[in-house]
Structure formats: C-alpha cells, structure tokens
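S.K.: Below you'll find coords_20.txt; it's compact mmCIF, C-alpha atoms and all ligand atoms.
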```txt
# COMPACT_ATOMS: atom_id res chain seq x y z
CA MET A 265 132.95 222.62 160.92
CA THR A 266 130.34 220.08 159.91
CA LEU A 267 131.94 216.74 159.37
CA MET A 268 130.34 213.68 157.86
CA LEU A 269 132.16 210.38 158.15
CA PRO A 270 132.55 208.45 156.01
CA VAL A 271 132.92 211.34 153.57
CA PRO A 272 129.91 211.36 151.19
CA LEU A 273 130.97 209.93 147.83
CA PRO A 274 131.87 210.94 145.27
CA ALA A 275 133.98 213.70 146.84
CA ARG A 276 135.72 216.48 144.96
CA VAL A 277 139.40 216.53 145.83
CA LEU A 278 142.09 219.15 145.19
CA LEU A 279 145.46 217.42 145.03
CA LEU A 280 148.35 219.79 145.76
CA GLY A 281 151.41 218.23 144.16
CA SER A 282 151.22 215.87 141.21
CA GLY A 283 154.26 213.62 141.49
CA GLU A 284 154.41 209.84 141.51
CA LEU A 285 152.90 209.55 144.99
CA GLY A 286 150.03 211.85 144.04
CA LYS A 287 149.43 209.82 140.89
CA GLU A 288 148.80 206.68 142.96
CA VAL A 289 146.61 208.59 145.44
CA THR A 290 144.59 209.91 142.49
CA ILE A 291 144.04 206.40 141.14
CA ALA A 292 142.99 205.17 144.60
CA LEU A 293 140.49 208.05 144.96
CA GLN A 294 139.04 207.55 141.52
CA ARG A 295 138.25 203.94 142.40
CA TYR A 296 135.78 205.41 144.92
CA GLY A 297 134.33 207.66 142.25
CA CYS A 298 136.04 210.84 143.46
CA THR A 299 136.82 213.73 141.14
CA VAL A 300 140.47 214.79 141.41
CA ILE A 301 141.85 218.16 140.38
CA ALA A 302 145.63 217.76 140.24
CA CYS A 303 147.87 220.79 140.76
CA ASP A 304 151.57 221.43 140.25
CA SER A 305 153.99 223.99 138.91
CA TYR A 306 154.45 222.21 135.57
CA GLY A 307 152.06 220.68 133.07
CA ASN A 308 151.49 216.99 132.40
CA ALA A 309 152.93 216.02 135.82
CA PRO A 310 152.41 212.33 136.74
CA ALA A 311 149.14 212.77 138.68
CA MET A 312 147.75 215.12 136.03
CA GLN A 313 147.99 212.29 133.52
CA VAL A 314 145.29 210.38 135.41
CA ALA A 315 143.34 213.16 137.17
CA ASP A 316 139.97 214.52 136.04
CA GLN A 317 141.30 218.05 135.77
CA SER A 318 144.56 219.87 136.33
CA ARG A 319 145.81 223.33 137.26
CA VAL A 320 149.33 224.59 136.66
CA PHE A 321 150.51 227.35 139.02
CA ASP A 322 152.98 228.12 141.79
CA MET A 323 151.47 226.47 144.88
CA SER A 324 153.82 228.40 147.16
CA ASP A 325 152.25 231.67 145.95
CA PRO A 326 149.38 232.49 148.35
CA ALA A 327 147.46 234.59 145.80
CA ALA A 328 147.64 231.91 143.12
CA LEU A 329 146.68 229.15 145.55
CA SER A 330 143.77 231.14 147.01
CA ALA A 331 142.42 231.77 143.52
CA VAL A 332 142.46 228.04 142.71
CA LEU A 333 140.91 227.16 146.09
CA ASP A 334 138.13 229.70 145.49
CA GLU A 335 137.22 228.56 142.00
CA SER A 336 137.53 224.82 142.48
CA ASP A 337 134.85 224.30 145.16
CA VAL A 338 136.21 221.06 146.59
CA ASP A 339 135.29 218.94 149.62
CA LEU A 340 138.84 217.91 150.45
CA ILE A 341 142.32 219.37 149.99
CA VAL A 342 145.04 216.73 149.83
CA PRO A 343 148.62 218.07 149.94
CA GLU A 344 151.17 215.79 148.33
CA VAL A 345 154.26 218.01 148.65
CA GLU A 346 155.60 220.39 151.28
CA ALA A 347 156.07 223.48 149.11
CA ILE A 348 152.63 224.99 149.61
CA ALA A 349 151.43 228.39 150.87
CA THR A 350 150.04 226.67 153.95
CA ASP A 351 148.37 229.79 155.39
CA CYS A 352 145.78 229.45 152.62
CA LEU A 353 145.03 225.94 153.86
CA SER A 354 144.14 227.19 157.35
CA ALA A 355 141.84 229.78 155.78
CA SER A 356 140.09 227.07 153.73
CA GLU A 357 139.80 224.89 156.78
CA GLU A 358 138.14 227.73 158.67
CA ARG A 359 135.61 227.98 155.84
CA GLY A 360 134.76 224.29 156.32
CA VAL A 361 136.85 222.60 153.63
CA ARG A 362 138.71 219.62 155.08
CA VAL A 363 142.47 219.62 154.71
CA VAL A 364 144.14 216.18 154.90
CA PRO A 365 145.03 215.33 157.59
CA ASN A 366 144.55 218.88 158.96
CA ALA A 367 146.06 222.29 158.17
CA PHE A 368 148.11 222.36 161.36
CA ALA A 369 149.85 219.04 160.58
CA VAL A 370 150.64 220.16 157.03
CA GLN A 371 152.05 223.45 158.29
CA ALA A 372 154.05 221.98 161.17
CA THR A 373 155.64 219.14 159.20
CA MET A 374 156.87 221.33 156.31
CA ASP A 375 159.08 223.20 158.78
CA ARG A 376 161.77 221.24 160.62
CA GLN A 377 161.85 223.88 163.34
CA ARG A 378 158.17 223.40 164.21
CA ILE A 379 157.93 219.63 163.95
CA ARG A 380 161.20 218.99 165.76
CA THR A 381 160.34 221.37 168.59
CA LEU A 382 156.88 219.82 168.92
CA ALA A 383 158.12 216.21 168.84
CA ALA A 384 160.95 216.81 171.30
CA SER A 385 158.49 218.39 173.77
CA LEU A 386 156.36 215.22 173.95
CA PRO A 387 156.90 212.80 176.82
CA GLY A 388 158.45 209.55 175.62
CA VAL A 389 159.63 210.93 172.27
CA ARG A 390 163.38 210.89 171.79
CA THR A 391 165.14 212.86 169.04
CA SER A 392 168.80 213.53 168.27
CA ALA A 393 170.18 216.60 170.07
CA PHE A 394 169.50 219.71 167.97
CA ARG A 395 169.98 223.48 167.78
CA PHE A 396 168.78 226.17 165.38
CA ALA A 397 171.18 228.71 163.89
CA HIS A 398 170.40 232.01 162.14
CA SER A 399 173.86 232.82 160.77
CA ALA A 400 177.15 231.15 159.91
CA ALA A 401 178.51 232.35 163.27
CA GLU A 402 175.58 230.87 165.19
CA LEU A 403 176.01 227.67 163.21
CA ALA A 404 179.68 227.42 164.22
CA ALA A 405 178.68 227.86 167.88
CA ALA A 406 175.85 225.29 167.58
CA LEU A 407 178.23 222.76 165.99
CA ASP A 408 180.63 223.22 168.91
CA GLU A 409 177.83 222.35 171.32
CA ILE A 410 176.37 219.42 169.35
CA GLY A 411 179.73 217.88 168.39
CA TYR A 412 180.72 215.86 165.31
CA PRO A 413 179.53 214.37 163.07
CA ALA A 414 176.49 216.61 162.79
CA PHE A 415 173.85 217.16 160.13
CA VAL A 416 173.02 220.69 158.98
CA LYS A 417 169.75 221.13 157.09
CA PRO A 418 167.61 224.00 155.86
CA THR A 419 164.43 224.12 157.94
CA MET A 420 162.41 223.92 154.74
CA SER A 421 163.71 221.25 152.41
CA SER A 422 163.15 217.63 151.43
CA SER A 423 164.92 214.78 149.59
CA GLY A 424 168.23 215.78 151.15
CA HIS A 425 168.36 219.21 149.47
CA GLY A 426 170.72 221.64 151.19
CA GLN A 427 171.75 219.02 153.74
CA SER A 428 175.38 218.49 154.86
CA ARG A 429 177.07 215.97 157.09
CA VAL A 430 179.67 218.01 158.93
CA THR A 431 182.72 216.37 160.50
CA GLY A 432 184.69 219.40 161.69
CA PRO A 433 184.38 223.14 162.44
CA GLU A 434 186.12 224.09 159.20
CA GLN A 435 183.01 222.91 157.30
CA ALA A 436 180.59 225.25 159.08
CA MET A 437 180.73 228.00 156.46
CA SER A 438 180.20 225.69 153.48
CA ALA A 439 177.32 223.92 155.28
CA TRP A 440 175.66 227.29 155.92
CA THR A 441 176.05 228.37 152.29
CA HIS A 442 174.82 225.02 150.97
CA ALA A 443 171.72 225.17 153.20
CA GLU A 444 170.98 228.77 152.18
CA GLN A 445 171.34 228.02 148.48
CA ASP A 446 169.48 224.72 148.33
CA ALA A 447 166.57 225.39 150.69
CA ARG A 448 163.10 225.21 149.25
CA ALA A 449 162.23 228.47 150.93
CA ALA A 450 164.76 230.86 152.42
CA THR A 451 163.99 230.89 156.14
CA GLY A 452 167.36 232.26 157.29
CA VAL A 453 167.58 229.43 159.78
CA VAL A 454 169.11 225.96 159.74
CA ILE A 455 168.79 222.99 162.07
CA VAL A 456 171.93 221.35 163.44
CA GLU A 457 171.38 217.74 164.47
CA GLU A 458 173.64 215.36 166.32
CA GLY A 459 174.66 212.64 163.84
CA ILE A 460 173.19 209.34 164.95
CA ASP A 461 175.36 206.30 164.26
CA PHE A 462 172.39 204.04 163.61
CA ASP A 463 172.29 200.33 162.77
CA TYR A 464 169.43 201.00 160.38
CA GLU A 465 166.66 203.49 159.68
CA ILE A 466 162.98 202.81 159.12
CA THR A 467 159.77 204.36 157.95
CA LEU A 468 156.84 203.34 160.10
CA LEU A 469 153.68 203.95 158.07
CA THR A 470 151.11 205.00 160.64
CA VAL A 471 147.42 205.16 159.80
CA ARG A 472 144.77 207.15 161.64
CA SER A 473 141.45 205.76 160.48
CA TRP A 474 137.84 206.16 161.47
CA ASP A 475 136.21 203.31 163.34
CA ALA A 476 132.50 203.73 162.62
CA ALA A 477 131.46 201.13 165.22
CA SER A 478 133.01 203.02 168.13
CA GLY A 479 132.84 206.48 166.55
CA THR A 480 136.53 207.04 167.31
CA VAL A 481 139.85 207.30 165.51
CA THR A 482 142.14 204.28 165.71
CA THR A 483 145.86 204.20 165.03
CA SER A 484 147.43 201.24 163.24
CA PHE A 485 150.86 200.51 161.80
CA CYS A 486 152.23 198.83 158.71
CA ALA A 487 155.15 196.45 159.15
CA PRO A 488 158.31 198.61 159.44
CA ILE A 489 160.07 199.53 156.18
CA GLY A 490 163.87 199.55 156.06
CA HIS A 491 165.52 201.84 153.53
CA ARG A 492 168.81 203.05 152.19
CA GLN A 493 169.45 206.68 151.30
CA GLU A 494 172.13 208.10 149.02
CA GLY A 495 172.77 211.82 149.40
CA GLY A 496 169.56 212.12 151.44
CA ASP A 497 167.47 210.51 148.71
CA TYR A 498 165.95 207.04 148.93
CA VAL A 499 167.30 204.39 146.55
CA GLU A 500 165.82 201.16 147.92
CA SER A 501 163.40 200.04 150.62
CA TRP A 502 162.23 196.71 151.98
CA GLN A 503 159.50 195.39 154.23
CA PRO A 504 159.41 194.07 156.88
CA MET A 505 162.61 195.42 158.42
CA ALA A 506 163.60 192.82 161.04
CA MET A 507 163.52 194.69 164.37
CA ASN A 508 163.72 193.59 167.93
CA GLY A 509 160.38 193.76 169.69
CA SER A 510 161.22 196.50 172.13
CA ALA A 511 162.63 198.83 169.45
CA LEU A 512 159.48 198.33 167.37
CA GLU A 513 157.30 199.00 170.38
CA ARG A 514 159.20 202.23 171.09
CA ALA A 515 158.86 203.39 167.49
CA ARG A 516 155.11 202.69 167.55
CA THR A 517 154.66 204.54 170.83
CA MET A 518 156.53 207.57 169.49
CA ALA A 519 154.67 207.52 166.15
CA LYS A 520 151.37 207.49 168.02
CA ALA A 521 152.47 210.28 170.37
CA VAL A 522 153.53 212.57 167.50
CA THR A 523 150.48 211.90 165.30
CA ASP A 524 148.16 212.31 168.30
CA ALA A 525 149.81 215.67 169.04
CA LEU A 526 149.22 216.81 165.43
CA ALA A 527 145.59 215.75 165.77
CA GLN A 528 145.12 217.57 169.07
CA ALA A 529 146.68 220.80 167.88
CA GLY A 530 144.63 220.94 164.68
CA ASN A 531 141.06 220.74 163.46
CA GLY A 532 138.98 217.65 162.81
CA PRO A 533 139.82 213.97 163.33
CA CYS A 534 143.20 214.14 161.49
CA LEU A 535 142.66 211.07 159.33
CA GLY A 536 145.17 209.66 156.89
CA LEU A 537 148.49 207.89 156.56
CA PHE A 538 151.78 209.27 157.92
CA GLY A 539 155.34 208.24 157.07
CA VAL A 540 157.19 208.39 160.38
CA GLU A 541 160.99 208.12 160.17
CA PHE A 542 163.19 206.63 162.89
CA PHE A 543 166.85 205.77 163.44
CA VAL A 544 167.51 202.55 165.37
CA ARG A 545 170.59 201.24 167.17
CA GLY A 546 170.01 198.12 169.25
CA ASP A 547 167.09 198.94 171.55
CA ASP A 548 167.56 202.69 171.09
CA VAL A 549 165.15 204.54 168.81
CA TRP A 550 165.25 208.18 167.70
CA PHE A 551 162.33 209.95 166.03
CA SER A 552 163.67 211.84 162.99
CA GLU A 553 160.82 213.41 160.99
CA LEU A 554 157.45 212.61 159.46
CA SER A 555 155.28 213.25 156.42
CA PRO A 556 151.51 213.59 156.89
CA ARG A 557 151.03 211.68 153.62
CA PRO A 558 152.42 208.64 151.76
CA HIS A 559 156.19 208.32 151.89
CA ASP A 560 158.50 207.57 148.98
CA THR A 561 160.05 204.56 150.77
CA GLY A 562 156.48 203.22 151.19
CA MET A 563 156.14 202.55 147.45
CA VAL A 564 157.19 199.00 148.34
CA THR A 565 153.67 198.50 149.76
CA MET A 566 152.28 198.44 146.20
CA ALA A 567 153.75 194.92 146.09
CA THR A 568 153.74 193.83 149.73
CA GLN A 569 150.30 194.82 151.04
CA ALA A 570 146.77 194.23 149.75
CA GLN A 571 146.15 197.88 150.67
CA SER A 572 149.13 199.96 149.51
CA GLU A 573 150.06 203.15 151.38
CA PHE A 574 148.06 205.07 148.73
CA GLU A 575 144.94 202.98 149.20
CA LEU A 576 145.36 203.27 152.98
CA HIS A 577 145.71 207.06 152.79
CA ALA A 578 142.62 207.44 150.59
CA ARG A 579 140.53 205.06 152.69
CA ALA A 580 141.63 206.64 155.96
CA PHE A 581 140.79 210.24 155.06
CA LEU A 582 137.53 209.20 153.38
CA GLY A 583 136.58 207.56 156.70
CA LEU A 584 136.59 204.01 155.27
CA PRO A 585 137.91 200.86 157.01
CA THR A 586 141.60 200.04 156.57
CA SER A 587 143.89 197.04 156.96
CA THR A 588 147.65 197.43 157.33
CA ALA A 589 148.30 193.68 156.96
CA LEU A 590 151.46 192.59 155.18
CA ALA A 591 150.81 190.07 152.40
CA SER A 592 154.43 189.20 151.55
CA PRO A 593 157.96 190.39 152.28
CA GLY A 594 159.21 192.59 149.47
CA ALA A 595 161.49 195.37 148.31
CA SER A 596 161.53 198.39 146.03
CA ALA A 597 164.35 199.96 144.02
CA VAL A 598 164.19 203.30 142.24
CA ILE A 599 164.96 204.04 138.61
CA LYS A 600 166.81 207.31 138.13
CA SER A 601 167.57 209.27 135.03
CA THR A 602 171.26 209.38 134.22
CA ARG A 603 171.08 212.57 132.16
CA ALA A 604 168.76 215.33 131.01
CA ILE A 605 166.29 213.88 128.52
CA ASP A 606 163.39 215.56 126.72
CA THR A 607 161.73 212.59 125.08
CA PRO A 608 162.37 209.57 127.30
CA ALA A 609 162.24 206.06 125.86
CA TYR A 610 162.30 203.19 128.34
CA SER A 611 163.61 199.72 127.60
CA GLY A 612 164.06 196.62 129.71
CA VAL A 613 160.63 196.70 131.35
CA ALA A 614 159.91 193.18 130.10
CA THR A 615 163.18 191.92 131.56
CA ALA A 616 162.38 193.61 134.88
CA LEU A 617 158.89 192.13 135.01
CA ALA A 618 160.21 188.63 134.38
CA THR A 619 161.26 188.61 138.07
CA ALA A 620 159.77 191.70 139.74
CA ASP A 621 156.07 192.11 140.62
CA ILE A 622 155.55 195.68 139.55
CA VAL A 623 157.16 198.38 137.47
CA ARG A 624 155.90 201.95 137.64
CA ILE A 625 157.11 204.46 135.07
CA PHE A 626 156.03 207.80 136.49
CA GLY A 627 155.78 209.57 133.13
CA LYS A 628 157.78 212.61 134.23
CA PRO A 629 159.15 214.94 131.67
CA ILE A 630 162.85 214.42 132.44
CA SER A 631 164.86 217.58 132.68
CA ARG A 632 167.79 216.59 134.83
CA SER A 633 170.13 213.80 135.80
CA GLY A 634 169.44 211.97 139.08
CA ARG A 635 165.68 212.52 138.90
CA ARG A 636 163.56 209.59 140.06
CA VAL A 637 161.56 208.44 137.05
CA GLY A 638 160.27 205.03 138.08
CA VAL A 639 160.28 202.29 140.67
CA VAL A 640 160.37 198.51 140.70
CA ALA A 641 159.02 196.32 143.49
CA ALA A 642 159.45 192.59 144.02
CA THR A 643 158.26 190.04 146.53
CA ALA A 644 160.05 186.88 147.69
CA THR A 645 160.22 184.75 150.80
CA THR A 646 162.55 187.21 152.56
CA PRO A 647 163.26 190.95 152.29
CA LYS A 648 166.88 190.10 151.47
CA GLU A 649 165.96 188.03 148.40
CA SER A 650 163.41 190.66 147.38
CA ARG A 651 166.12 193.35 147.47
CA VAL A 652 168.33 191.39 145.10
CA ILE A 653 165.45 190.91 142.66
CA ALA A 654 164.29 194.53 142.86
CA ARG A 655 167.79 195.97 142.40
CA ARG A 656 168.52 193.77 139.38
CA ALA A 657 165.15 194.50 137.84
CA ALA A 658 165.59 198.26 138.29
CA ALA A 659 169.06 198.05 136.76
CA ALA A 660 167.59 196.27 133.72
CA ILE A 661 165.51 199.34 132.86
CA THR A 662 167.35 201.93 130.82
CA ILE A 663 166.26 205.35 129.64
CA ASP A 664 167.29 206.85 126.36
CA ASP A 665 166.30 209.95 124.45
CA ALA A 666 164.01 208.97 121.59
CA GLN A 667 164.94 212.10 119.60
CA ASN A 668 168.58 212.12 120.53
CA PRO A 669 169.75 208.54 121.22
CA SER A 670 173.10 208.08 122.96
N1 LIG B 701 170.77 213.34 162.65
C1 LIG B 701 171.06 212.41 161.73
N2 LIG B 701 171.87 211.37 162.03
C2 LIG B 701 172.16 210.42 161.09
N3 LIG B 701 171.69 210.41 159.83
C3 LIG B 701 170.87 211.42 159.47
C4 LIG B 701 170.51 212.47 160.39
N4 LIG B 701 169.69 213.31 159.75
C5 LIG B 701 169.54 212.84 158.50
N5 LIG B 701 170.26 211.72 158.31
C6 LIG B 701 170.30 210.91 157.05
O1 LIG B 701 169.85 211.72 155.96
C7 LIG B 701 168.58 211.25 155.45
C8 LIG B 701 167.68 212.42 155.05
O2 LIG B 701 167.43 213.24 156.20
P1 LIG B 701 165.96 213.75 156.55
O3 LIG B 701 166.03 214.53 157.81
O4 LIG B 701 165.03 212.58 156.54
O5 LIG B 701 165.69 214.75 155.37
P2 LIG B 701 164.62 214.77 154.17
O6 LIG B 701 163.52 215.63 154.68
O7 LIG B 701 165.37 215.41 153.06
O8 LIG B 701 164.18 213.35 153.93
C9 LIG B 701 168.03 210.39 156.58
O9 LIG B 701 167.09 209.44 156.08
C10 LIG B 701 169.31 209.76 157.13
O10 LIG B 701 169.77 208.71 156.29
MG MG B 702 163.39 212.01 155.40
```
Take the structure from the file and write it as structure tokens.
Ligand SMILES: Nc1ncnc2c1ncn2[C@@H]1O[C@H](COP(=O)(O)OP(=O)(O)O)[C@@H](O)[C@H]1O
Ligand SMILES: [Mg+2]
M.R.:
Amino acid sequence: MTLMLPVPLPARVLLLGSGELGKEVTIALQRYGCTVIACDSYGNAPAMQVADQSRVFDMSDPAALSAVLDESDVDLIVPEVEAIATDCLSASEERGVRVVPNAFAVQATMDRQRIRTLAASLPGVRTSAFRFAHSAAELAAALDEIGYPAFVKPTMSSSGHGQSRVTGPEQAMSAWTHAEQDARAATGVVIVEEGIDFDYEITLLTVRSWDAASGTVTTSFCAPIGHRQEGGDYVESWQPMAMNGSALERARTMAKAVTDALAQAGNGPCLGLFGVEFFVRGDDVWFSELSPRPHDTGMVTMATQAQSEFELHARAFLGLPTSTALASPGASAVIKSTRAIDTPAYSGVATALATADIVRIFGKPISRSGRRVGVVAATATTPKESRVIARRAAAAITIDDAQNPS
C-alpha cells in the first residue's frame, strides 16, 4: 500500500455512520477542505446534514456496502459506528484505500470476544475475569465460575444494549434471552464478566499521531474523563477526572499496549483517536473496552480542549500535528428525548447558554423515548462545579412535538 503522510488534501472521505459524533468529525474534516460522503441506514442523519453527499443503505449488508465502496472512489474510510460489514473494509484496504485507523482494529473492537481476548493476552494489561458462553446452560456454568455480581453482554452490542448485571444463578436464563434479543448481530455467544466494584470509571482518549520530524507514530493522551452511565448509556462526563498518579500511569500504559497491538496486527500506521475505557479502584486499574474512534463521553472536549476529540481524530488520521492539552476543567450532560416525537421543537437553549459554554442539538429525527438528541458542555474552575452547571443547563432544554404539543 502506498501511503503519503500527511494525507494529500483535500481528501475524499467515506464516513460510515452519521450520528452526532460523525457530524462533528465531518465538520472537522471539511475545515481541511475534505469532501465527506456520509452513510447511514436512515436519511437526514446528523452527519448527513453537514456532509457533501450522503448514501442511505444498510452498512451491515456486505453487498450494499461493497457497492457504495466501489462507486464512491474515496481515499479514506472512516467508520463511526460498529455495525458495519467489516470484511468489506479489509478488502478495500487490500486495494489500497486507507481504513481509519485500520481494518483490523475496526473488526476486532466491534466484537467483545476478539478485543477482550487480545487485550487480556498482552503483558501488563489487566481485565476483569471473563468467560464466553454459547448457550443458556454454558452461561449458567460460566456464572458459577465467575461469581456474582457478573455482567452478561452480547459480543456485538453497544450503549448497554442486551447487557445484564446478574446477582444470582436464577437470573442466568433471563440474561441469556436479553442478550440474544438485544444484540446488534446474533453471534450465539455472550461474554460473562466479573463485576468490578470500582470507585470510578474513565475514558482515556488516546491519540496515535504522525510525527513528521521523526517519521514515527507517537502516542499521547487527553486528561482522563470521568463519566456516569445509566443502564449502560452515558448521561454525564467530566474532565479531568482526579486520579492518583500511579492509577493514571497504569491506564496510560495499558492504553498504549492495546493500541500498539491493534497497530501491529493491522495495516498501515494506525492513526487516529481511541476512546479507551477503564475501571479504577484505588491504585487498581482494569481495562474494559475501547473504540477506535471518538467516544460519546469525550464530547466534553468540545468545551475543555482547544482541539476537541473530533479535531484530534481528523488531524491524527490526516497525518497532521495534534495537541491533547486541556484548556479548562469542564463537564458534559446529555439531553434525551422523553417520548417519541416526529417534529421536535426545542426550547430553553437560551437559558442553557446563559451558563453553559456549548449546546449541540444533533438534529436527529426522534422516533423513540430515551434517545440522545443533544448535549450541553460547561467549563468552570473545577469539574465538580462544571457538572452542576452542565446538568442544570441540560435540564433547562425541553423537547416538544411541534405538530402535536403535549
Ligand atoms: N465488568 C463490569 N464491572 C462493572 N461495571 C461494568 C462491567 N461491565 C460493564 N459495566 C458498566 O456498564 C457500562 C457499559 O458497559 P460496556 O462494556 O462499556 O458496554 P458498551 O459497549 O455498551 O459501552 C460500563 O461503562 C460500566 O459502567
Ligand atoms: Mg462502553
């Protein structure tokens, strides 16, 4: 594969997944003159609203994805979601199209079985104890070995879908059924993880960027992001998360080990930003999972860093210099829809912006309750103060149905 770094601009980019994270990546790329073709399974998705072109199709269908890859003639493929027919990506990569960060990393991280097995095999990387189970009976046996509480998850899922916290053997059957029904793709296998009683959990945004002076890849880290999840879905995040020095050092070492392994196993320099998740208790740190792309909890960086996680991702895979410096402590809080709405009308944005730094309304067509439709981020002198401001500001924003007001 011929590889020019920095990538000659303007590049043509195929964005696979057009949610709120992809929308920000699109904007970052367009600032460097890139042409972005945004893809998703539904029309007018957030990134499509700002992209140069869009394609609506089922990205998990190999035939449909191959057809789009063939006709779009792009320089770079940038996956923004996990639900992709990843075999097509390897084929494109073999033909010389760069996949961000590489096809192997995209493939391995969409499957908990692959990424967990890989991470746990690396020296110095600690994970919770885990087993895989292929039936309800195997799950019951695995739970017996792992003990309680345990987490049962489909191997292909995200945002907490199909996940159960299991506290006793009598819940094995319902956990199996829930995982089978709510998985993104039926794999017939679940992961059983030892429940970690952590003090807090973090996302460590890890950036692999190109250093033109030395002609090598360097790894750098944003300040750790603390976050709170409800039902496996993020509701607020803050940066920096106060951590003791040795725990932070362990997390950085593990993040580097895992991202280096993804680089070694795949093609090319493996450039881009990764959201690496850890559980922390005292000095103890457990690697949990990672995304080879911006992370939802990292939306706080739109307020806290001069280069947000989206700007960092774009710069890194284009081969441009990056800086992970924190400009101010801050926090983000999500705005969720409380019901199914066809024609959303937002109010309270002015109230929110009286104290918060940014409001992002994603522009999603809202079809269900609980869907994330926006985010607020605020800065202050401490993360704690920022959290109060962000939460209040998010609560000030309400969504109604313009055609069918409540
Ligand atoms: N083994 C575990 N021990 C304790 N908490 C866990 C464990 N696994 C998951 N969780 C909780 O559930 C959340 C979502 O799990 P995660 O594996 O990150 O799934 P997803 O891919 O849906 O984000 C985590 O951020 C954490 O709060
Ligand atoms: Mg997660």
S.K.: What is the distance, in Å and to one decimal place, between CA of Asp606 in chain A and CA of Asp497 in chain A?
M.R.: 22.9 Å
S.K.: Dump the neighbourhood of ligand LIG 701 (chain B) as number ranges by chain: all residues within 9 Å, distances computed on all atoms listed in the file.
M.R.: A: 374, 376, 391-394, 413-417, 420-429, 456-462, 464-466, 491-498, 541-543, 552-555
S.K.: Which residue, A:Ser399, A:Thr373, A:Gln313, A:Ser282, has the smallest gap to ligand MG 702 (chain B) when you use all atoms listed in the file?
M.R.: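 Going through A:Ser399, A:Thr373, A:Gln313, A:Ser282 one by one, the smallest distance to ligand MG 702 (chain B) is for A:Thr373.
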S.K.: Between CA of Gly452 in chain A and CA of His398 in chain A, what is the distance in Å, rounded to a tenth?
M.R.: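 A separation of 5.7 Å between them.
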S.K.: When you count all atoms listed in the file, which of these residues is closest to ligand MG 702 (chain B): A:Glu649, A:Val598, A:Thr561, A:Arg635?
M.R.: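 Under the stated criterion, the closest residue is A:Thr561.
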S.K.: Go through A:Gly307, A:Gly562, A:Pro274, A:Gly530 one by one, measure the shortest atom-to-atom distance of each to ligand MG 702 (chain B) using only C-alpha atoms and all ligand atoms, and give the residue with the smallest value.
M.R.: A:Gly562
S.K.: Which protein, DNA or RNA residues are at most 12 Å from (159.8, 192.0, 145.8) in the file's coordinates when you count only C-alpha atoms, listed as a short mmCIF file (atom, residue, chain, number, x, y, z; two decimals) with C-alpha atoms, in the frame of the given file?
M.R.:
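Saved result, out_30.cif, follows:
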```cif
data_model
loop_
_atom_site.label_atom_id
_atom_site.label_comp_id
_atom_site.auth_asym_id
_atom_site.auth_seq_id
_atom_site.Cartn_x
_atom_site.Cartn_y
_atom_site.Cartn_z
CA GLU A 500 165.82 201.16 147.92
CA SER A 501 163.40 200.04 150.62
CA TRP A 502 162.23 196.71 151.98
CA GLN A 503 159.50 195.39 154.23
CA PRO A 504 159.41 194.07 156.88
CA MET A 563 156.14 202.55 147.45
CA VAL A 564 157.19 199.00 148.34
CA THR A 565 153.67 198.50 149.76
CA MET A 566 152.28 198.44 146.20
CA ALA A 567 153.75 194.92 146.09
CA THR A 568 153.74 193.83 149.73
CA GLN A 569 150.30 194.82 151.04
CA ALA A 591 150.81 190.07 152.40
CA SER A 592 154.43 189.20 151.55
CA PRO A 593 157.96 190.39 152.28
CA GLY A 594 159.21 192.59 149.47
CA ALA A 595 161.49 195.37 148.31
CA SER A 596 161.53 198.39 146.03
CA ALA A 597 164.35 199.96 144.02
CA ALA A 616 162.38 193.61 134.88
CA LEU A 617 158.89 192.13 135.01
CA ALA A 618 160.21 188.63 134.38
CA THR A 619 161.26 188.61 138.07
CA ALA A 620 159.77 191.70 139.74
CA ASP A 621 156.07 192.11 140.62
CA ILE A 622 155.55 195.68 139.55
CA VAL A 623 157.16 198.38 137.47
CA VAL A 639 160.28 202.29 140.67
CA VAL A 640 160.37 198.51 140.70
CA ALA A 641 159.02 196.32 143.49
CA ALA A 642 159.45 192.59 144.02
CA THR A 643 158.26 190.04 146.53
CA ALA A 644 160.05 186.88 147.69
CA THR A 645 160.22 184.75 150.80
CA THR A 646 162.55 187.21 152.56
CA PRO A 647 163.26 190.95 152.29
CA LYS A 648 166.88 190.10 151.47
CA GLU A 649 165.96 188.03 148.40
CA SER A 650 163.41 190.66 147.38
CA ARG A 651 166.12 193.35 147.47
CA VAL A 652 168.33 191.39 145.10
CA ILE A 653 165.45 190.91 142.66
CA ALA A 654 164.29 194.53 142.86
CA ARG A 655 167.79 195.97 142.40
CA ARG A 656 168.52 193.77 139.38
CA ALA A 657 165.15 194.50 137.84
CA ALA A 658 165.59 198.26 138.29
#
```
S.K.: Using all atoms listed in the file, which of A:Pro533, A:Gly539, A:Gly612, A:Gly490 sits nearest ligand MG 702 (chain B)?
M.R.: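 Result for the nearest residue to ligand MG 702 (chain B): A:Gly539.
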S.K.: Near Arg603 in chain A, within 10 Å and counting only C-alpha atoms, which residues show up once chain neighbours fewer than 4 positions away are dropped, as a PyMOL selection string?
M.R.: chain A and resi 630-635+663-665
S.K.: Would you please work out which residue, of A:Leu407, A:Leu468, A:Val361, A:Val613, is nearest to ligand MG 702 (chain B) when using only C-alpha atoms and all ligand atoms?
M.R.: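 Of all the options, A:Leu468 lies closest to ligand MG 702 (chain B).
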S.K.: Suppose you want the space between CA of Arg557 in chain A and CA of Leu537 in chain A; what is it in Å?
M.R.: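 So the two atoms, CA of Arg557 in chain A and CA of Leu537 in chain A, lie 5.4 Å apart.
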S.K.: Residues at most 6 Å from Ser305 in chain A, counting all atoms listed in the file, excluding those fewer than 4 positions away in the same chain, as a list in words?
M.R.: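 The residues that qualify are Val320, Phe321 and Asp322 of chain A.
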S.K.: A:Arg579, A:His559, A:Arg276, A:Arg636: which is nearest ligand MG 702 (chain B), counting only C-alpha atoms and all ligand atoms?
M.R.: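 Of A:Arg579, A:His559, A:Arg276, A:Arg636, the one nearest ligand MG 702 (chain B) is A:His559, counting only C-alpha atoms and all ligand atoms.
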S.K.: Could you model N, CA and C atoms for range 306-315 of chain A and present them as a CSV table (one decimal), keeping the file's coordinate frame?
M.R.:
```
chain,number,residue,atom,x,y,z
A,306,TYR,N,154.2,222.5,137.0
A,306,TYR,CA,154.4,222.2,135.6
A,306,TYR,C,153.4,221.3,135.0
A,307,GLY,N,153.2,221.4,133.7
A,307,GLY,CA,152.1,220.7,133.1
A,307,GLY,C,152.4,219.2,132.9
A,308,ASN,N,151.3,218.4,132.7
A,308,ASN,CA,151.5,217.0,132.4
A,308,ASN,C,152.3,216.2,133.5
A,309,ALA,N,152.2,216.7,134.7
A,309,ALA,CA,152.9,216.0,135.8
A,309,ALA,C,152.3,214.7,136.0
A,310,PRO,N,153.0,213.7,136.6
A,310,PRO,CA,152.4,212.3,136.7
A,310,PRO,C,150.9,212.2,137.2
A,311,ALA,N,150.5,212.9,138.2
A,311,ALA,CA,149.1,212.8,138.7
A,311,ALA,C,148.2,213.4,137.7
A,312,MET,N,148.6,214.5,137.0
A,312,MET,CA,147.8,215.1,136.0
A,312,MET,C,147.4,214.2,134.9
A,313,GLN,N,148.2,213.2,134.6
A,313,GLN,CA,148.0,212.3,133.5
A,313,GLN,C,146.8,211.4,133.8
A,314,VAL,N,146.4,211.3,135.1
A,314,VAL,CA,145.3,210.4,135.4
A,314,VAL,C,144.1,211.1,136.1
A,315,ALA,N,144.4,212.4,136.4
A,315,ALA,CA,143.3,213.2,137.2
A,315,ALA,C,142.2,213.6,136.2
```
